[in-house]
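> target.txt (compact mmCIF, C-alpha atoms) pasted underneath:
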# COMPACT_ATOMS: atom_id res chain seq x y z
CA MET B 1 -11.97 -11.62 -2.33
CA LYS B 2 -9.68 -14.28 -0.91
CA LYS B 3 -6.45 -15.64 -2.36
CA ALA B 4 -7.24 -19.06 -3.74
CA MET B 5 -5.78 -22.36 -2.69
CA PHE B 6 -4.67 -24.95 -5.27
CA TYR B 7 -3.23 -23.15 -8.25
CA GLU B 8 0.14 -22.76 -9.97
CA LYS B 9 1.72 -19.83 -11.78
CA ARG B 10 2.47 -20.24 -15.47
CA GLU B 11 4.27 -18.18 -18.12
CA ASP B 12 3.14 -14.72 -19.23
CA GLY B 13 1.32 -14.01 -15.96
CA LYS B 14 -1.10 -16.89 -16.42
CA VAL B 15 -2.22 -19.16 -13.58
CA GLN B 16 -3.59 -22.70 -13.68
CA CYS B 17 -6.39 -23.48 -11.26
CA LEU B 18 -6.02 -26.96 -9.74
CA LEU B 19 -9.25 -27.04 -7.75
CA CYS B 20 -11.47 -28.98 -10.15
CA PRO B 21 -10.77 -31.17 -13.22
CA HIS B 22 -11.35 -28.27 -15.63
CA THR B 23 -7.84 -27.10 -14.57
CA CYS B 24 -8.51 -23.71 -16.16
CA LEU B 25 -5.50 -21.86 -17.54
CA ILE B 26 -6.39 -18.23 -16.81
CA LYS B 27 -4.71 -15.18 -18.28
CA SER B 28 -4.18 -12.03 -16.23
CA GLY B 29 -7.54 -10.36 -15.64
CA GLY B 30 -9.41 -13.47 -16.76
CA ILE B 31 -11.80 -15.76 -14.89
CA GLY B 32 -12.23 -19.53 -14.83
CA PHE B 33 -15.05 -21.74 -16.08
CA CYS B 34 -16.90 -21.34 -12.77
CA ARG B 35 -16.79 -17.52 -13.07
CA GLU B 36 -15.71 -17.27 -9.42
CA ARG B 37 -11.90 -17.51 -9.72
CA LYS B 38 -9.96 -14.62 -11.19
CA ASN B 39 -6.34 -14.04 -12.11
CA ILE B 40 -5.29 -10.71 -10.62
CA ASP B 41 -1.68 -9.78 -11.44
CA GLY B 42 -0.56 -13.40 -11.62
CA GLU B 43 -2.34 -14.57 -8.45
CA LEU B 44 -5.61 -16.50 -8.29
CA TYR B 45 -8.43 -15.16 -6.14
CA SER B 46 -11.79 -16.51 -5.06
CA LEU B 47 -14.49 -13.97 -5.93
CA ASN B 48 -17.32 -15.51 -3.89
CA TYR B 49 -15.58 -15.87 -0.52
CA GLY B 50 -18.12 -14.97 2.18
CA ARG B 51 -20.88 -14.25 -0.35
CA ILE B 52 -24.05 -16.06 0.70
CA SER B 53 -26.97 -16.22 -1.72
CA SER B 54 -29.24 -18.41 0.40
CA TYR B 55 -29.38 -19.65 3.98
CA GLY B 56 -31.77 -21.14 6.51
CA PHE B 57 -32.57 -24.05 8.81
CA GLU B 58 -33.96 -27.06 6.92
CA PRO B 59 -34.76 -30.74 7.48
CA ILE B 60 -31.76 -32.94 6.74
CA GLU B 61 -34.03 -34.97 4.44
CA LYS B 62 -34.14 -32.02 2.03
CA LYS B 63 -30.45 -32.40 1.09
CA PRO B 64 -31.44 -35.30 0.54
CA LEU B 65 -29.82 -37.33 3.33
CA TYR B 66 -32.02 -40.15 4.65
CA HIS B 67 -29.45 -42.07 6.71
CA PHE B 68 -27.77 -39.17 8.50
CA TYR B 69 -29.56 -37.94 11.63
CA PRO B 70 -33.07 -38.48 10.22
CA GLY B 71 -35.69 -36.04 11.47
CA ARG B 72 -33.12 -33.41 12.47
CA ASN B 73 -32.47 -29.90 11.12
CA ILE B 74 -29.33 -28.47 9.55
CA PHE B 75 -28.27 -24.89 8.82
CA SER B 76 -27.93 -24.64 5.04
CA ILE B 77 -25.89 -22.06 3.15
CA GLY B 78 -25.07 -21.50 -0.51
CA THR B 79 -23.25 -19.10 -2.81
CA VAL B 80 -23.19 -18.20 -6.51
CA GLY B 81 -21.54 -19.97 -9.43
CA CYS B 82 -20.83 -23.56 -10.44
CA ASN B 83 -18.20 -25.60 -12.28
CA PHE B 84 -20.93 -27.35 -14.32
CA LYS B 85 -23.39 -25.89 -16.81
CA CYS B 86 -26.23 -28.40 -16.49
CA GLN B 87 -28.98 -27.73 -19.00
CA PHE B 88 -31.53 -28.80 -16.36
CA CYS B 89 -30.06 -26.79 -13.47
CA GLN B 90 -32.56 -26.62 -10.62
CA ASN B 91 -30.93 -23.59 -8.96
CA TRP B 92 -29.83 -21.77 -12.10
CA GLN B 93 -30.65 -18.32 -10.70
CA ILE B 94 -27.65 -18.62 -8.37
CA ALA B 95 -25.59 -21.45 -9.85
CA GLN B 96 -25.43 -20.05 -13.38
CA SER B 97 -25.11 -16.39 -12.41
CA SER B 98 -22.58 -14.29 -10.56
CA ASP B 99 -25.00 -11.38 -10.26
CA ALA B 100 -27.53 -12.92 -7.86
CA PRO B 101 -28.06 -10.90 -4.66
CA THR B 102 -25.78 -11.97 -1.83
CA ILE B 103 -24.91 -10.95 1.69
CA GLU B 104 -21.48 -11.01 3.30
CA MET B 105 -21.11 -13.39 6.22
CA PRO B 106 -17.77 -14.45 7.76
CA PRO B 107 -17.27 -18.09 8.80
CA GLU B 108 -17.49 -17.17 12.48
CA LYS B 109 -21.00 -15.76 12.00
CA VAL B 110 -22.17 -18.85 10.11
CA VAL B 111 -20.97 -21.10 12.92
CA GLU B 112 -22.56 -18.81 15.52
CA LEU B 113 -25.93 -19.00 13.74
CA ALA B 114 -25.69 -22.76 13.29
CA ALA B 115 -24.94 -23.24 16.98
CA SER B 116 -27.76 -20.94 18.10
CA LYS B 117 -30.49 -23.55 17.59
CA PRO B 118 -30.26 -26.46 20.04
CA ASP B 119 -31.84 -29.02 17.68
CA ASN B 120 -29.56 -28.12 14.75
CA ILE B 121 -26.88 -30.70 13.97
CA GLY B 122 -24.55 -28.57 11.88
CA ILE B 123 -23.97 -26.85 8.54
CA ALA B 124 -24.81 -27.98 5.00
CA TYR B 125 -22.94 -26.41 2.09
CA THR B 126 -25.55 -26.66 -0.65
CA TYR B 127 -27.84 -24.89 -3.19
CA SER B 128 -25.01 -24.17 -5.66
CA GLU B 129 -21.69 -26.02 -5.98
CA PRO B 130 -19.64 -25.79 -2.76
CA VAL B 131 -16.45 -27.00 -4.45
CA ILE B 132 -15.91 -23.59 -6.07
CA TRP B 133 -16.46 -22.00 -2.63
CA PHE B 134 -13.55 -24.07 -1.37
CA GLU B 135 -11.67 -21.60 0.82
CA TYR B 136 -14.84 -20.46 2.58
CA VAL B 137 -16.18 -23.99 3.08
CA TYR B 138 -12.80 -25.18 4.37
CA GLU B 139 -12.45 -22.40 6.93
CA THR B 140 -16.08 -22.62 8.06
CA ALA B 141 -15.98 -26.41 8.35
CA ARG B 142 -12.90 -26.29 10.56
CA LEU B 143 -14.55 -23.79 12.90
CA ALA B 144 -17.76 -25.83 12.94
CA ARG B 145 -15.88 -29.00 13.84
CA ASP B 146 -14.26 -27.20 16.79
CA LYS B 147 -17.78 -26.28 18.01
CA GLY B 148 -19.01 -29.87 17.75
CA LEU B 149 -21.16 -29.22 14.67
CA LYS B 150 -21.48 -31.62 11.73
CA ASN B 151 -20.47 -30.59 8.22
CA VAL B 152 -22.42 -31.77 5.17
CA LEU B 153 -21.40 -31.27 1.54
CA VAL B 154 -24.05 -31.42 -1.20
CA THR B 155 -21.91 -31.55 -4.30
CA ASN B 156 -21.49 -32.63 -7.91
CA GLY B 157 -18.22 -34.30 -6.88
CA PHE B 158 -16.20 -32.55 -9.61
CA ILE B 159 -13.04 -31.86 -7.63
CA GLN B 160 -9.37 -32.76 -7.83
CA GLU B 161 -7.85 -35.28 -5.43
CA GLU B 162 -5.68 -32.91 -3.36
CA PRO B 163 -8.44 -30.40 -2.50
CA LEU B 164 -10.76 -33.27 -1.66
CA LYS B 165 -8.17 -34.86 0.64
CA THR B 166 -7.69 -31.49 2.33
CA LEU B 167 -11.40 -31.02 3.00
CA LEU B 168 -12.55 -34.55 3.84
CA PRO B 169 -11.18 -34.65 7.43
CA TYR B 170 -13.76 -31.97 8.33
CA ILE B 171 -16.74 -33.45 6.44
CA ASP B 172 -19.19 -35.79 8.18
CA ALA B 173 -21.55 -36.56 5.29
CA MET B 174 -21.84 -35.96 1.56
CA ASN B 175 -24.66 -36.21 -0.92
CA ILE B 176 -22.96 -36.53 -4.29
CA ASP B 177 -24.86 -35.99 -7.53
CA VAL B 178 -24.09 -38.66 -10.09
CA LYS B 179 -25.98 -36.96 -12.87
CA GLY B 180 -25.81 -39.81 -15.35
CA PHE B 181 -23.57 -42.77 -16.02
CA THR B 182 -21.97 -42.07 -19.38
CA GLU B 183 -19.27 -39.65 -20.42
CA LYS B 184 -21.46 -38.64 -23.35
CA PHE B 185 -24.20 -37.42 -20.98
CA TYR B 186 -21.74 -35.49 -18.84
CA LYS B 187 -19.98 -33.78 -21.74
CA LYS B 188 -23.17 -32.83 -23.57
CA ILE B 189 -25.53 -31.99 -20.72
CA THR B 190 -23.29 -30.79 -17.85
CA LYS B 191 -20.08 -29.70 -19.63
CA GLY B 192 -18.20 -31.88 -17.15
CA GLU B 193 -16.83 -35.40 -16.91
CA LEU B 194 -18.01 -38.59 -15.20
CA ALA B 195 -14.65 -40.18 -14.32
CA PRO B 196 -13.61 -37.59 -11.68
CA VAL B 197 -17.04 -37.89 -10.02
CA ILE B 198 -16.62 -41.65 -9.76
CA LYS B 199 -13.25 -41.13 -8.09
CA THR B 200 -14.74 -38.62 -5.64
CA VAL B 201 -17.44 -41.09 -4.57
CA GLU B 202 -14.92 -43.86 -4.07
CA ARG B 203 -12.57 -41.65 -2.05
CA ALA B 204 -15.31 -40.08 0.05
CA LEU B 205 -16.72 -43.48 1.07
CA LYS B 206 -13.50 -44.16 2.95
CA HIS B 207 -13.87 -41.02 5.08
CA CYS B 208 -17.51 -40.09 5.70
CA HIS B 209 -21.15 -41.03 5.24
CA VAL B 210 -22.13 -40.85 1.55
CA GLU B 211 -25.47 -40.86 -0.27
CA ILE B 212 -25.96 -40.56 -4.02
CA THR B 213 -28.58 -38.63 -5.99
CA THR B 214 -29.47 -39.03 -9.67
CA LEU B 215 -32.03 -36.74 -11.27
CA VAL B 216 -33.74 -39.05 -13.78
CA ILE B 217 -34.42 -37.26 -17.08
CA PRO B 218 -36.61 -38.94 -19.71
CA GLY B 219 -34.62 -39.91 -22.78
CA PHE B 220 -31.27 -38.77 -21.41
CA ASN B 221 -30.14 -40.95 -18.48
CA ASP B 222 -33.06 -43.32 -17.86
CA SER B 223 -32.19 -46.35 -20.02
CA ASP B 224 -32.06 -49.76 -18.37
CA ASP B 225 -28.40 -50.05 -19.33
CA ASP B 226 -27.46 -46.73 -17.71
CA LEU B 227 -29.44 -47.44 -14.55
CA SER B 228 -28.02 -50.96 -14.27
CA ALA B 229 -24.44 -49.72 -14.74
CA LEU B 230 -24.88 -47.06 -12.06
CA SER B 231 -26.40 -49.55 -9.62
CA GLU B 232 -23.83 -52.26 -10.26
CA TRP B 233 -20.97 -49.83 -9.69
CA LEU B 234 -22.43 -48.59 -6.39
CA GLY B 235 -23.38 -52.09 -5.27
CA GLY B 236 -19.82 -53.20 -5.95
CA LEU B 237 -18.63 -50.55 -3.51
CA SER B 238 -21.22 -51.35 -0.83
CA ARG B 239 -24.83 -52.57 -0.85
CA ASP B 240 -25.77 -50.12 1.89
CA ILE B 241 -25.05 -46.88 -0.02
CA PRO B 242 -28.36 -44.95 -0.15
CA LEU B 243 -29.32 -44.02 -3.73
CA HIS B 244 -31.94 -41.36 -4.47
CA PHE B 245 -33.69 -41.30 -7.85
CA THR B 246 -35.34 -37.90 -8.02
CA ARG B 247 -38.01 -36.67 -10.40
CA TYR B 248 -37.01 -34.13 -13.02
CA PHE B 249 -39.22 -31.15 -13.88
CA PRO B 250 -38.54 -28.74 -16.78
CA ASN B 251 -36.10 -26.04 -15.74
CA TYR B 252 -33.48 -23.65 -17.10
CA LYS B 253 -32.64 -24.73 -20.68
CA MET B 254 -34.37 -28.13 -20.68
CA ASP B 255 -38.08 -28.55 -21.38
CA VAL B 256 -38.64 -32.30 -21.85
CA ILE B 257 -41.61 -33.77 -19.98
CA PRO B 258 -41.41 -34.40 -16.22
CA THR B 259 -40.16 -37.86 -15.30
CA PRO B 260 -43.05 -40.37 -15.29
CA ILE B 261 -43.53 -42.00 -11.90
CA GLU B 262 -43.34 -45.38 -13.67
CA THR B 263 -39.79 -44.54 -14.80
CA LEU B 264 -38.70 -43.83 -11.23
CA GLU B 265 -40.28 -47.05 -10.01
CA ARG B 266 -38.52 -48.99 -12.78
CA ALA B 267 -35.22 -47.36 -11.82
CA ARG B 268 -35.78 -48.34 -8.21
CA GLU B 269 -36.60 -51.93 -9.16
CA ILE B 270 -33.39 -52.18 -11.21
CA ALA B 271 -31.23 -50.66 -8.47
CA GLU B 272 -32.66 -52.79 -5.67
CA LYS B 273 -30.99 -55.82 -7.24
CA GLN B 274 -27.67 -54.28 -6.19
CA LEU B 275 -28.52 -51.92 -3.31
CA ASP B 276 -30.46 -52.19 -0.05
CA TYR B 277 -31.63 -48.58 0.15
CA VAL B 278 -33.08 -47.02 -3.01
CA TYR B 279 -35.38 -44.01 -2.81
CA ILE B 280 -37.73 -42.04 -5.02
CA GLY B 281 -37.64 -38.27 -4.52
CA ASN B 282 -39.54 -35.19 -5.68
CA VAL B 283 -42.74 -37.25 -5.53
CA TRP B 284 -45.07 -36.44 -2.66
CA GLY B 285 -46.45 -39.41 -0.71
CA ASN B 286 -44.65 -42.13 -2.65
CA GLU B 287 -43.77 -45.27 -0.72
CA GLY B 288 -40.32 -45.02 -2.24
CA SER B 289 -39.38 -42.35 0.28
CA ASN B 290 -39.55 -44.81 3.19
CA THR B 291 -36.69 -46.88 4.59
CA ARG B 292 -37.30 -50.62 4.82
CA CYS B 293 -35.13 -53.02 6.77
CA PRO B 294 -33.29 -55.17 4.20
CA ASN B 295 -33.55 -58.16 6.52
CA CYS B 296 -37.11 -58.28 7.89
CA LYS B 297 -38.63 -55.85 5.32
CA GLU B 298 -40.39 -53.78 8.01
CA THR B 299 -40.64 -50.01 7.45
CA VAL B 300 -38.16 -48.49 9.89
CA VAL B 301 -38.33 -44.85 8.76
CA LYS B 302 -41.61 -43.52 7.38
CA ARG B 303 -41.48 -40.18 5.59
CA GLU B 304 -44.43 -37.99 4.68
CA GLY B 305 -42.96 -34.86 3.16
CA PHE B 306 -40.41 -33.85 5.77
CA THR B 307 -42.28 -35.46 8.68
CA VAL B 308 -40.35 -38.49 9.86
CA GLN B 309 -41.37 -41.45 12.04
CA ILE B 310 -38.46 -43.62 13.14
CA LYS B 311 -38.51 -47.23 14.31
CA ALA B 312 -34.80 -47.66 14.74
CA GLU B 313 -32.45 -47.39 17.70
CA ASN B 314 -28.73 -46.73 17.47
CA GLY B 315 -28.95 -47.24 13.73
CA LYS B 316 -30.50 -50.70 14.02
CA CYS B 317 -33.95 -52.08 13.20
CA ILE B 318 -36.08 -52.40 16.35
CA HIS B 319 -37.76 -55.48 14.88
CA CYS B 320 -34.74 -57.67 14.05
CA GLY B 321 -31.60 -55.77 15.05
CA GLN B 322 -30.32 -55.35 11.49
CA ASP B 323 -27.71 -52.60 11.03
CA LEU B 324 -29.37 -49.99 8.77
CA ASN B 325 -26.36 -47.78 7.99
CA ILE B 326 -28.21 -44.92 9.69
CA ILE B 327 -26.27 -42.40 11.79
CA MET B 328 -28.46 -41.15 14.64
Starting from the file, give its structure as structure tokens.

Amino acid sequence: MKKAMFYEKREDGKVQCLLCPHTCLIKSGGIGFCRERKNIDGELYSLNYGRISSYGFEPIEKKPLYHFYPGRNIFSIGTVGCNFKCQFCQNWQIAQSSDAPTIEMPPEKVVELAASKPDNIGIAYTYSEPVIWFEYVYETARLARDKGLKNVLVTNGFIQEEPLKTLLPYIDAMNIDVKGFTEKFYKKITKGELAPVIKTVERALKHCHVEITTLVIPGFNDSDDDLSALSEWLGGLSRDIPLHFTRYFPNYKMDVIPTPIETLERAREIAEKQLDYVYIGNVWGNEGSNTRCPNCKETVVKREGFTVQIKAENGKCIHCGQDLNIIM
């Protein structure tokens, strides 16, 4: 266990967690919504500090990040628990359980492993929600930065402003899940809220590279109105934000049909009116996984699975010199 950051003591031995917008008021001996923060004698502790459920070297494209060191590997680690309860959770065995098998690994060991492979660019905090792993991510990211490693956060973006401001100086890239674009969807399907996620995206864009992922679920978040609203909001922030529409498959508590490919292609067509880089994911061999230059329309990054062919130099198209918002 590790004493938590970002909480305040309340009356009768209660504590209020200030890490995420749930702001759980926790009685003595109780735990928060995420199941990984516990009130012990009037102090809040992180229960998953140093507990790793999954780890390994993976292509950066798997996060997915398509405009951040394409073709390179990153050391990925995850823990247990989450501050959402998504009915379609893709990693429910670890995200929706505190009992999944874990190993103990201090931050120093994670950084040592990440630095042991010459072609590895850094560390990705992923698989389950890294926000609720805050103390561990924060300490590991600081050590990684000192070693010249990059830090990547794959997150639902459900975090309060102060913790985010504390962590962002050590984060180089984020993939933020925007799971839908209505409060109704968030409250019913994720047990969270949309507004704080919007604020996280807007704040993060000022500090690091950001890409957005939306898992498109038939009948839930795939209407033209929802897709247009999402795209117009992102396009109003910047046309060069990469947006990934990924294919849903039945999982956890949701059993609706897999997303039709036609739905993903329609989503991409809608979004491309506002954004220069819109991708289709979880579909093998689809042209929508490639990066096209928004100026000359040439394919500058071709992806087949996790095999990548790059026709860009210093983040620019080799055909016309257009800036592609690619960090290389």
> Taking 4 positions as the minimum chain separation for residues in the same chain, which residues sit within 9 Å of His207 in chain B when counting only C-alpha atoms? Answer as a PyMOL selection string.
chain B and resi 168-169+171-173+203
> Give me, as a VMD selection string, all polymer residues having an atom no more than 8 Å from range 315-324 of chain B, counting only C-alpha atoms and skipping those fewer than 5 positions away in the same chain.
chain B and resid 240 293 to 296 298 300
> Excluding Lys14 in chain B and residues on its chain fewer than 4 positions from it, collect all residues at most 6 Å away from it, counting only C-alpha atoms, and give them as a list in words.
Arg10, Ile26, Lys27, Ser28 and Gly42 of chain B
> Between B:Cys208, B:Gln96, B:Val301, B:Cys86, which one has atoms that come closest to Gly180 in chain B, using only C-alpha atoms?
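Using only C-alpha atoms, Gly180 in chain B sits closest to B:Cys86.
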> Give me, as number ranges by chain, all polymer residues having an atom no more than 6 Å from range 105-107 of chain B, counting only C-alpha atoms and skipping those fewer than 2 positions away in the same chain.
B: 50, 109-110, 140
> Using CA of Trp92 in chain B and CA of Ala115 in chain B as the two end points, give the distance in Å to one decimal.
29.5 Å
> Hey, what's within 10 Å of Asp255 in chain B if we count all atoms listed in the file and toss same-chain stuff fewer than 6 positions away? As a list of chain:residue names, please?
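Once the adjacent positions are removed, what remains is B:Gln87, B:Phe88, B:Phe249.
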> What is the CA of Leu44 in chain B to CA of Val137 in chain B distance in Å?
17.2 Å
